[in-house]
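Following: one structure in structure tokens, then a few remarks.
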Amino acid sequence: MALGILGFLDGITALIVVLTGSTFGLFSLYKAVKLKAKLLGISGLCLFCIGFLLLGPTVDFITILITNNNIELLVLYGLLSYSWAAPLTIFGLYIGGELLLPTKKWIIVTFYLVLAVIYEVIIFYFAFTTPEAIFSFPNPLPNGTALLNTGVKLGSITFILMIFFLVSGLIFNGVGFLNKGIKASGDLRKRFLYLSLGWIIFIICGAFDGLFDPGIITVFVRIAWAVSIVFMHLGIRL
């Protein structure tokens, strides 16, 4: 059995997002070390996490190309993707706290760090005990004709925490940077508007891709996801 056209589009667009996040993440880390710019380094880690949220479908795609079948360990698909949500939240809100509320930055980061640890413990514990409690698996299995498309189970504690992380990022970074950009001028205005646009696009795309099954729209969602990474990089680089 061969991978269908939708499977190829699914895998290629996921790979594009992973490569975009990795490329801009590495570039940001390189510049951060060169310029001794801590915030740029945190931004690089953030971009890595945004790209790696699609590591699951990317690895599944590569596995199908090599073996003509999907990943054998189904929970690996979920872990490769959803385990990056917690560190992304920490790095993202650190950037938001630094640029919007520097005096309260560590209060914000500490609060979400606790939630992030809880999230990671839950996702790894259930993944190796009762994965069906947090992940929804395709039935029947595609057997190499499509990607696994394993999702977070609706109503699970991981689903609730992911929704909270997404809403927090949308309000704090998306709306927060937009408000800051409207009030600023010149390059500073451009910087915050790039950051706002990047976060808003990413969170909308992440919600569509991670919590629902958008079908063929996935292609456009993933392209917009990659563009959001570019916007975030431009906002920090400026």
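Chain labels follow the order of the structure tokens: the first chain is A, the next B, and so on; residue numbering restarts at 1 in every chain, and ligands are counted from 1 in their shown order.
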List the spatial neighbours of Leu29 (chain A) as a compact mmCIF listing (two decimals) with N, CA and C atoms, in the first residue's frame - criterion: any atom at most 9 Å away, only C-alpha atoms, same-chain residues fewer than 2 positions off excluded.
# COMPACT_ATOMS: atom_id res chain seq x y z
N PHE A 24 15.42 28.91 11.79
CA PHE A 24 15.39 30.21 12.45
C PHE A 24 15.79 30.09 13.93
N GLY A 25 15.50 28.95 14.52
CA GLY A 25 15.92 28.73 15.90
C GLY A 25 17.44 28.69 16.02
N LEU A 26 18.08 27.94 15.12
CA LEU A 26 19.54 27.86 15.12
C LEU A 26 20.18 29.22 14.82
N PHE A 27 19.60 29.93 13.86
CA PHE A 27 20.13 31.25 13.51
C PHE A 27 20.03 32.20 14.70
N LYS A 31 23.18 33.96 16.66
CA LYS A 31 23.29 35.41 16.85
C LYS A 31 23.29 35.78 18.33
N ALA A 32 22.55 35.01 19.14
CA ALA A 32 22.49 35.29 20.57
C ALA A 32 23.85 35.09 21.22
N VAL A 33 24.53 34.02 20.83
CA VAL A 33 25.87 33.75 21.37
C VAL A 33 26.85 34.81 20.89
N LYS A 34 26.75 35.15 19.62
CA LYS A 34 27.66 36.13 19.03
C LYS A 34 27.47 37.52 19.64
N LEU A 40 17.34 36.94 22.60
CA LEU A 40 17.40 36.33 21.28
C LEU A 40 17.62 34.83 21.39
N GLY A 41 18.38 34.42 22.39
CA GLY A 41 18.61 33.00 22.63
C GLY A 41 17.33 32.29 23.07
N ILE A 42 16.58 32.93 23.98
CA ILE A 42 15.30 32.36 24.42
C ILE A 42 14.34 32.28 23.24
N SER A 43 14.39 33.29 22.38
CA SER A 43 13.56 33.29 21.17
C SER A 43 13.91 32.11 20.27
N GLY A 44 15.20 31.82 20.15
CA GLY A 44 15.63 30.68 19.35
C GLY A 44 15.07 29.37 19.88
N LEU A 45 15.12 29.19 21.19
CA LEU A 45 14.55 27.99 21.81
C LEU A 45 13.05 27.92 21.59
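For region 173-189 of chain A, the list of residues within 8 Å, based on only C-alpha atoms and with local chain neighbours fewer than 3 positions off taken out, reads Gly92, Leu93, Gly96, Leu100, Ser168, Gly169, Leu170, Phe192, Leu193, Leu195, Ser196, Leu197, Gly198, Trp199, Ile200 and Leu238 of chain A.
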Those selected residues, please, written with N, CA and C atoms and delivered as an mmCIF file, in the first residue's frame.
data_model
loop_
_atom_site.group_PDB
_atom_site.id
_atom_site.type_symbol
_atom_site.label_atom_id
_atom_site.label_comp_id
_atom_site.auth_asym_id
_atom_site.auth_seq_id
_atom_site.Cartn_x
_atom_site.Cartn_y
_atom_site.Cartn_z
ATOM 1 N N GLY A 92 7.960 31.185 25.565
ATOM 2 C CA GLY A 92 7.123 32.222 24.970
ATOM 3 C C GLY A 92 6.693 33.273 25.965
ATOM 4 N N LEU A 93 6.262 32.837 27.151
ATOM 5 C CA LEU A 93 5.801 33.797 28.150
ATOM 6 C C LEU A 93 6.970 34.503 28.843
ATOM 7 N N GLY A 96 7.343 37.301 26.454
ATOM 8 C CA GLY A 96 6.253 38.238 26.696
ATOM 9 C C GLY A 96 6.435 39.016 27.981
ATOM 10 N N LEU A 100 6.816 42.974 28.004
ATOM 11 C CA LEU A 100 5.577 43.642 28.405
ATOM 12 C C LEU A 100 5.522 43.979 29.893
ATOM 13 N N SER A 168 -3.553 31.506 26.930
ATOM 14 C CA SER A 168 -2.599 32.390 27.613
ATOM 15 C C SER A 168 -1.665 33.053 26.614
ATOM 16 N N GLY A 169 -1.146 32.263 25.670
ATOM 17 C CA GLY A 169 -0.259 32.817 24.650
ATOM 18 C C GLY A 169 -0.968 33.811 23.759
ATOM 19 N N LEU A 170 -2.230 33.512 23.417
ATOM 20 C CA LEU A 170 -3.001 34.404 22.558
ATOM 21 C C LEU A 170 -3.253 35.748 23.241
ATOM 22 N N PHE A 192 6.834 44.986 17.533
ATOM 23 C CA PHE A 192 5.725 44.409 18.298
ATOM 24 C C PHE A 192 4.605 43.886 17.399
ATOM 25 N N LEU A 193 4.370 44.540 16.269
ATOM 26 C CA LEU A 193 3.336 44.067 15.355
ATOM 27 C C LEU A 193 3.748 42.745 14.703
ATOM 28 N N LEU A 195 5.683 40.509 16.137
ATOM 29 C CA LEU A 195 5.543 39.522 17.206
ATOM 30 C C LEU A 195 4.079 39.153 17.431
ATOM 31 N N SER A 196 3.224 40.159 17.456
ATOM 32 C CA SER A 196 1.794 39.915 17.653
ATOM 33 C C SER A 196 1.218 39.058 16.539
ATOM 34 N N LEU A 197 1.528 39.425 15.311
ATOM 35 C CA LEU A 197 1.015 38.680 14.163
ATOM 36 C C LEU A 197 1.527 37.243 14.177
ATOM 37 N N GLY A 198 2.795 37.081 14.514
ATOM 38 C CA GLY A 198 3.369 35.740 14.576
ATOM 39 C C GLY A 198 2.669 34.861 15.595
ATOM 40 N N TRP A 199 2.451 35.392 16.798
ATOM 41 C CA TRP A 199 1.818 34.602 17.851
ATOM 42 C C TRP A 199 0.353 34.308 17.553
ATOM 43 N N ILE A 200 -0.363 35.287 17.035
ATOM 44 C CA ILE A 200 -1.781 35.077 16.736
ATOM 45 C C ILE A 200 -1.952 34.022 15.647
ATOM 46 N N LEU A 238 14.614 42.478 15.106
ATOM 47 C CA LEU A 238 14.606 43.928 14.997
ATOM 48 C C LEU A 238 14.954 44.606 16.298
#
Hey, which bits of region 41-79 of chain A sit within 7 Å of region 146-155 of chain A, and for each residue what's the closest pair of atoms and how far apart in Å (one decimal), counting only C-alpha atoms, rows by chain and increasing number, as CSV?
residue,atom,partner,partner_atom,distance
A:Pro57,CA,A:Leu147,CA,6.5
A:Asp60,CA,A:Leu147,CA,6.4
A:Phe61,CA,A:Leu147,CA,6.5
A:Asn70,CA,A:Leu147,CA,6.9
A:Tyr77,CA,A:Thr150,CA,6.8
A:Gly78,CA,A:Thr150,CA,6.3
Dump C-alpha atoms for the selected residues as a PDB file, in the first residue's frame?
ATOM      1  CA  PRO A  57       3.848  13.734  11.818  1.00  0.00           C
ATOM      2  CA  ASP A  60       5.846   9.339  10.896  1.00  0.00           C
ATOM      3  CA  PHE A  61       6.168  10.647   7.331  1.00  0.00           C
ATOM      4  CA  ASN A  70       3.650   4.112  10.182  1.00  0.00           C
ATOM      5  CA  TYR A  77       3.697  10.194  17.667  1.00  0.00           C
ATOM      6  CA  GLY A  78       1.936  12.060  20.481  1.00  0.00           C
TER       7      GLY A  78
END
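The space separating CA of Tyr112 (chain A) from CA of Asp209 (chain A) comes to 22.9 Å.
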### Query
Could you name the residues that touch Gly21 (chain A) at 6 Å or less, counting only C-alpha atoms, but leaving out those on the same chain fewer than 4 positions away, as a list in words?
Gly25, Leu47, Phe48 and Gly51 of chain A
### Query
What is the CA of Asn143 (chain A) to CA of Asn69 (chain A) distance in Å?
5.4 Å
### Message
Which of region 6-238 of chain A end up as alpha helix (DSSP H) when DSSP is run on this backbone - answer as number ranges by chain?
### Response
A: 6-35, 38-52, 55-67, 74-82, 85-100, 105-127, 157-169, 176-183, 186-211, 218-237
### Query
Excluding same-chain residues fewer than 3 positions from Val109 (chain A), what lies within 8 Å of it counting only C-alpha atoms, as a ChimeraX atom specification?
/A:90,93-94,97,105-106,112-113
Just-selected residues, C-alpha atoms written as a short mmCIF file (atom, residue, chain, number, x, y, z; two decimals), in the first residue's frame:
data_model
loop_
_atom_site.label_atom_id
_atom_site.label_comp_id
_atom_site.auth_asym_id
_atom_site.auth_seq_id
_atom_site.Cartn_x
_atom_site.Cartn_y
_atom_site.Cartn_z
CA ILE A 90 7.68 28.84 29.29
CA LEU A 93 5.80 33.80 28.15
CA TYR A 94 9.35 34.61 29.27
CA GLY A 97 7.06 38.98 30.32
CA LYS A 105 8.27 38.40 34.54
CA TRP A 106 9.40 35.79 37.06
CA TYR A 112 3.49 28.54 34.13
CA LEU A 113 6.59 26.54 35.01
#
### Summary
Between CA of Phe159 (chain A) and CA of Ser136 (chain A) lies a distance of 11.1 Å
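The set of residues in region 35-163 of chain A assigned to strand (DSSP E or B) by DSSP, using only backbone atoms of this structure, is Phe135, Ser136, Gly151 and Val152 of chain A.
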### Task
Could you give me, as a ChimeraX atom specification, the residues within 12 Å of Val114 (chain A), counting only C-alpha atoms and dropping anything in the same chain fewer than 5 positions from it?
/A:86-87,89-90,107-109,119-121,161
